[in-house]
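Novice: Just passing along the structure, written as structure tokens.
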Amino acid sequence: MRAIKKGMATIAGCAILFTTTATAQTITSTNMKKKILFVVTSHDKKGSTGEPTGYYLSEVSHPWEILKNAGYEIDFVSPKGGKAPIDGFDLNDKVNAEFWNDKIYHDKIEHTKKPSEIYPADYVAIHYAGGHGAMWDFADNTELAAIAGKIYENGGVVSAVCHGPAGIVNIKLSNGKYLVDGKKVNGFTDEEETAVKLDKIVPFLLEDKLKERGGVYEKSGLWQEHVVNDQRLVTGQNPQSAKAVGQAVLVLLSK
């Protein structure tokens with residue numbers, strides 16, 4: 001009889017321990033913030049012109065505002081890590097100012113992570129911000145391409161805006177196909193590149209490269225907002241499309 005009671009006490013103790021552990025795990029899971037990875041350029045010159053460039057501030061800040069306000073934590077990575085060069089520095093844009101004056105995120109953008117420090121499983125989405133610098137150091141970065149491919153194949157979202165899609169042109173999936181192959185996609189157009197007189201300076205034309213990789217390219221007129229969402233790939237044409245890219249990503253993550 002005593003053995004039976006002792007056995008029952010042991011079972012009850014195990015049940016309490018299991019329940020407590022399960023509850024703790026649930027609380028931990030609930031309290032963990034979902035994370036999104038933003039990619040910014042490390043390149044600071046427009047080719048042979050010598051003109052400064054970097055990531056375009058509003059292409060970071062506008063998606064950041066949408067996703068941060070929805071409860072997502074954002075990390076930053078760049079090809080070289082460390083301080084990221086900046087372009088489009090306009091603090092008259094209130095969202096730019098909000099981002100720049102946020103102590104936590106200002107520190108993050110000034111101390112970006114290296115690709116080797118990133119664990120793809122930590123992130124539900126990856127966003128490539130534009131700025132002309134991206135044309136020089138995004139496309140051939142195999143580490144970043146591998147990170148994005150893993151995030152995507154884990155069910156995550158890949159997004160890019162303006163020149164940011166330079167980062168997705170060489171992403172290949174485990175089936176050997178390019179990520180953009182057969183998907184609707186867009187980015188900075190040939191006409192827009194010509195309009196800013198950099199079509200002979202950039203190492204390649206983004207519109208042409210996306211088409212070459214099998215992307216079904218869409219576009220609107222110069223400086224018009226245009227965002228495409230196809231199979232968890234979200235792309236925006238220009239800086240004017242940055243906020244809408246963030247909104248499209250949020251819709252996908254909310255499903």
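Within each chain, counting starts at residue 1; across the structure tokens, chains are named A, B, ... in the order shown, with ligands numbered 1 upward in that order.
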Counting only C-alpha atoms, what are the residues of range 106-139 of chain A within 9 Å of range 144-162 of chain A, and for each of them which pair of atoms is the nearest and at what distance in Å, to one decimal? Sort the table by chain and rising number, as a Markdown table.

Specialist:
| residue | atom | partner | partner_atom | distance |
| --- | --- | --- | --- | --- |
| A:Pro115 | CA | A:Leu144 | CA | 6.2 |
| A:Ile118 | CA | A:Ile147 | CA | 7.8 |
| A:Tyr119 | CA | A:Ile147 | CA | 7.8 |
| A:Pro120 | CA | A:Ile147 | CA | 5.6 |
| A:Ala121 | CA | A:Ile151 | CA | 6.7 |
| A:Asp122 | CA | A:Ile151 | CA | 8.7 |
| A:Tyr123 | CA | A:Ile151 | CA | 6.7 |
| A:Val124 | CA | A:Gly156 | CA | 4.8 |
| A:Ala125 | CA | A:Val157 | CA | 4.4 |
| A:Ile126 | CA | A:Val158 | CA | 5.1 |
| A:His127 | CA | A:Ser159 | CA | 4.6 |
| A:Tyr128 | CA | A:Ala160 | CA | 4.4 |
| A:Ala129 | CA | A:Val161 | CA | 5.7 |
| A:Gly130 | CA | A:Cys162 | CA | 5.2 |
| A:Gly131 | CA | A:Cys162 | CA | 7.3 |
| A:His132 | CA | A:Cys162 | CA | 8.9 |
| A:Phe138 | CA | A:Leu144 | CA | 7.9 |
| A:Ala139 | CA | A:Ala145 | CA | 8.2 |

Novice: Keeping only N, CA and C atoms, write the selected residues as a tab-separated table (two decimals), in the first residue's frame.

Specialist:
chain	number	residue	atom	x	y	z
A	115	PRO	N	27.93	38.76	-41.91
A	115	PRO	CA	27.15	37.58	-42.29
A	115	PRO	C	27.49	36.34	-41.46
A	118	ILE	N	25.34	35.67	-38.31
A	118	ILE	CA	23.89	35.52	-38.47
A	118	ILE	C	23.48	34.06	-38.48
A	119	TYR	N	22.42	33.74	-37.72
A	119	TYR	CA	21.81	32.41	-37.73
A	119	TYR	C	20.44	32.53	-38.40
A	120	PRO	N	20.30	32.04	-39.63
A	120	PRO	CA	19.06	32.22	-40.39
A	120	PRO	C	17.79	31.77	-39.65
A	121	ALA	N	17.91	30.73	-38.82
A	121	ALA	CA	16.74	30.22	-38.11
A	121	ALA	C	16.15	31.23	-37.13
A	122	ASP	N	16.90	32.27	-36.79
A	122	ASP	CA	16.42	33.29	-35.86
A	122	ASP	C	15.43	34.27	-36.50
A	123	TYR	N	15.30	34.22	-37.82
A	123	TYR	CA	14.57	35.29	-38.53
A	123	TYR	C	13.38	34.75	-39.34
A	124	VAL	N	12.30	35.55	-39.33
A	124	VAL	CA	11.10	35.19	-40.10
A	124	VAL	C	11.08	35.91	-41.44
A	125	ALA	N	11.98	36.86	-41.64
A	125	ALA	CA	12.03	37.61	-42.90
A	125	ALA	C	13.40	38.26	-43.04
A	126	ILE	N	13.76	38.58	-44.29
A	126	ILE	CA	14.97	39.32	-44.58
A	126	ILE	C	14.62	40.41	-45.59
A	127	HIS	N	15.12	41.63	-45.34
A	127	HIS	CA	14.82	42.77	-46.20
A	127	HIS	C	16.11	43.41	-46.69
A	128	TYR	N	16.23	43.54	-48.01
A	128	TYR	CA	17.38	44.19	-48.62
A	128	TYR	C	17.04	45.64	-48.92
A	129	ALA	N	17.68	46.58	-48.19
A	129	ALA	CA	17.49	48.00	-48.47
A	129	ALA	C	18.36	48.40	-49.65
A	130	GLY	N	17.90	49.41	-50.38
A	130	GLY	CA	18.66	49.88	-51.52
A	130	GLY	C	19.63	50.99	-51.17
A	131	GLY	N	19.91	51.81	-52.17
A	131	GLY	CA	21.03	52.72	-52.16
A	131	GLY	C	22.00	52.19	-53.20
A	132	HIS	N	22.62	53.08	-53.98
A	132	HIS	CA	23.44	52.61	-55.10
A	132	HIS	C	24.58	51.69	-54.67
A	138	PHE	N	26.23	43.54	-53.15
A	138	PHE	CA	25.15	42.61	-52.80
A	138	PHE	C	25.16	41.34	-53.66
A	139	ALA	N	25.20	41.52	-54.96
A	139	ALA	CA	24.92	40.41	-55.88
A	139	ALA	C	25.85	39.22	-55.70

Novice: So that I can see what lies close to His111 in chain A, please list as a PyMOL selection string the residues with an atom at most 6 Å from it, counting only C-alpha atoms and leaving out residues fewer than 3 positions away in the same chain.

Specialist: chain A and resi 82-83+108

Novice: Which polymer residues have any atom within 12 Å of an atom of Asp107 in chain A, counting only C-alpha atoms, with same-chain residues fewer than 5 positions away left out, as number ranges by chain?

Specialist: A: 75-76, 82-84, 99-102, 112-113

Novice: Could those selected residues go to a file with C-alpha atoms, as a PDB file, in the first residue's frame?

Specialist:
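New file result-v5.pdb:
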ATOM      1  CA  ASP A  75      18.766  43.318 -36.746  1.00  0.00           C
ATOM      2  CA  PHE A  76      21.157  44.724 -39.336  1.00  0.00           C
ATOM      3  CA  GLY A  82      30.419  47.526 -38.710  1.00  0.00           C
ATOM      4  CA  LYS A  83      29.413  51.096 -39.573  1.00  0.00           C
ATOM      5  CA  ALA A  84      27.257  51.269 -42.701  1.00  0.00           C
ATOM      6  CA  PHE A  99      14.776  55.994 -36.852  1.00  0.00           C
ATOM      7  CA  TRP A 100      17.964  58.050 -36.623  1.00  0.00           C
ATOM      8  CA  ASN A 101      17.101  59.331 -33.142  1.00  0.00           C
ATOM      9  CA  ASP A 102      16.168  55.907 -31.775  1.00  0.00           C
ATOM     10  CA  THR A 112      25.976  46.091 -38.262  1.00  0.00           C
ATOM     11  CA  LYS A 113      26.595  42.372 -37.924  1.00  0.00           C
TER      12      LYS A 113
END

Novice: For Lys209 in chain A, list every protein, DNA or RNA residue within 10 Å, evaluated using only C-alpha atoms, and leave out those in the same chain fewer than 5 positions away; present the list as a list of chain:residue names.

Specialist: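 Here the answer would be A:Pro165, A:Ala166, A:Val169, A:Asn170, A:Phe204, A:Gly214, A:Gly215.
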
Novice: Output N, CA and C atoms of each residue in that selection to a file, as a JSON list (two decimals), in the first residue's frame.

Specialist:
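Output (out-v6.json):
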[["chain", "number", "residue", "atom", "x", "y", "z"],
["A", 165, "PRO", "N", 17.12, 44.78, -54.65],
["A", 165, "PRO", "CA", 17.00, 43.50, -55.35],
["A", 165, "PRO", "C", 18.30, 43.01, -55.99],
["A", 166, "ALA", "N", 19.35, 43.85, -55.99],
["A", 166, "ALA", "CA", 20.67, 43.35, -56.41],
["A", 166, "ALA", "C", 21.07, 42.17, -55.53],
["A", 169, "VAL", "N", 19.42, 38.64, -56.92],
["A", 169, "VAL", "CA", 19.59, 38.14, -58.30],
["A", 169, "VAL", "C", 20.33, 36.80, -58.35],
["A", 170, "ASN", "N", 21.18, 36.52, -57.36],
["A", 170, "ASN", "CA", 21.95, 35.28, -57.40],
["A", 170, "ASN", "C", 21.57, 34.28, -56.30],
["A", 204, "PHE", "N", 25.96, 46.61, -63.43],
["A", 204, "PHE", "CA", 24.94, 45.97, -64.27],
["A", 204, "PHE", "C", 23.63, 46.72, -64.07],
["A", 214, "GLY", "N", 15.22, 35.08, -64.89],
["A", 214, "GLY", "CA", 13.90, 34.45, -65.03],
["A", 214, "GLY", "C", 12.78, 35.18, -64.33],
["A", 215, "GLY", "N", 13.07, 36.34, -63.75],
["A", 215, "GLY", "CA", 12.02, 37.11, -63.09],
["A", 215, "GLY", "C", 11.02, 37.68, -64.07]]

Novice: Would you please give, as a PyMOL selection string, all residues of range 3-244 of chain A that DSSP assigns to strand (DSSP E) based on the backbone?

Specialist: chain A and resi 35-39+55-56+73-77+86-87+123-128+157-161+184-185+216-217+227-230+233-236

Novice: Of the residues A:Gly236, A:Val60, A:Met135, A:Val249, which is the one nearest to Glu218 in chain A, using only C-alpha atoms?

Specialist: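 Comparing A:Gly236, A:Val60, A:Met135, A:Val249 against Glu218 in chain A, the winner is A:Gly236.
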
Novice: For a test of reading the model, state the distance in Å between CA of Glu143 in chain A and CA of Lys177 in chain A, rounded to one decimal.

Specialist: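 So the two atoms, CA of Glu143 in chain A and CA of Lys177 in chain A, lie 17.3 Å apart.
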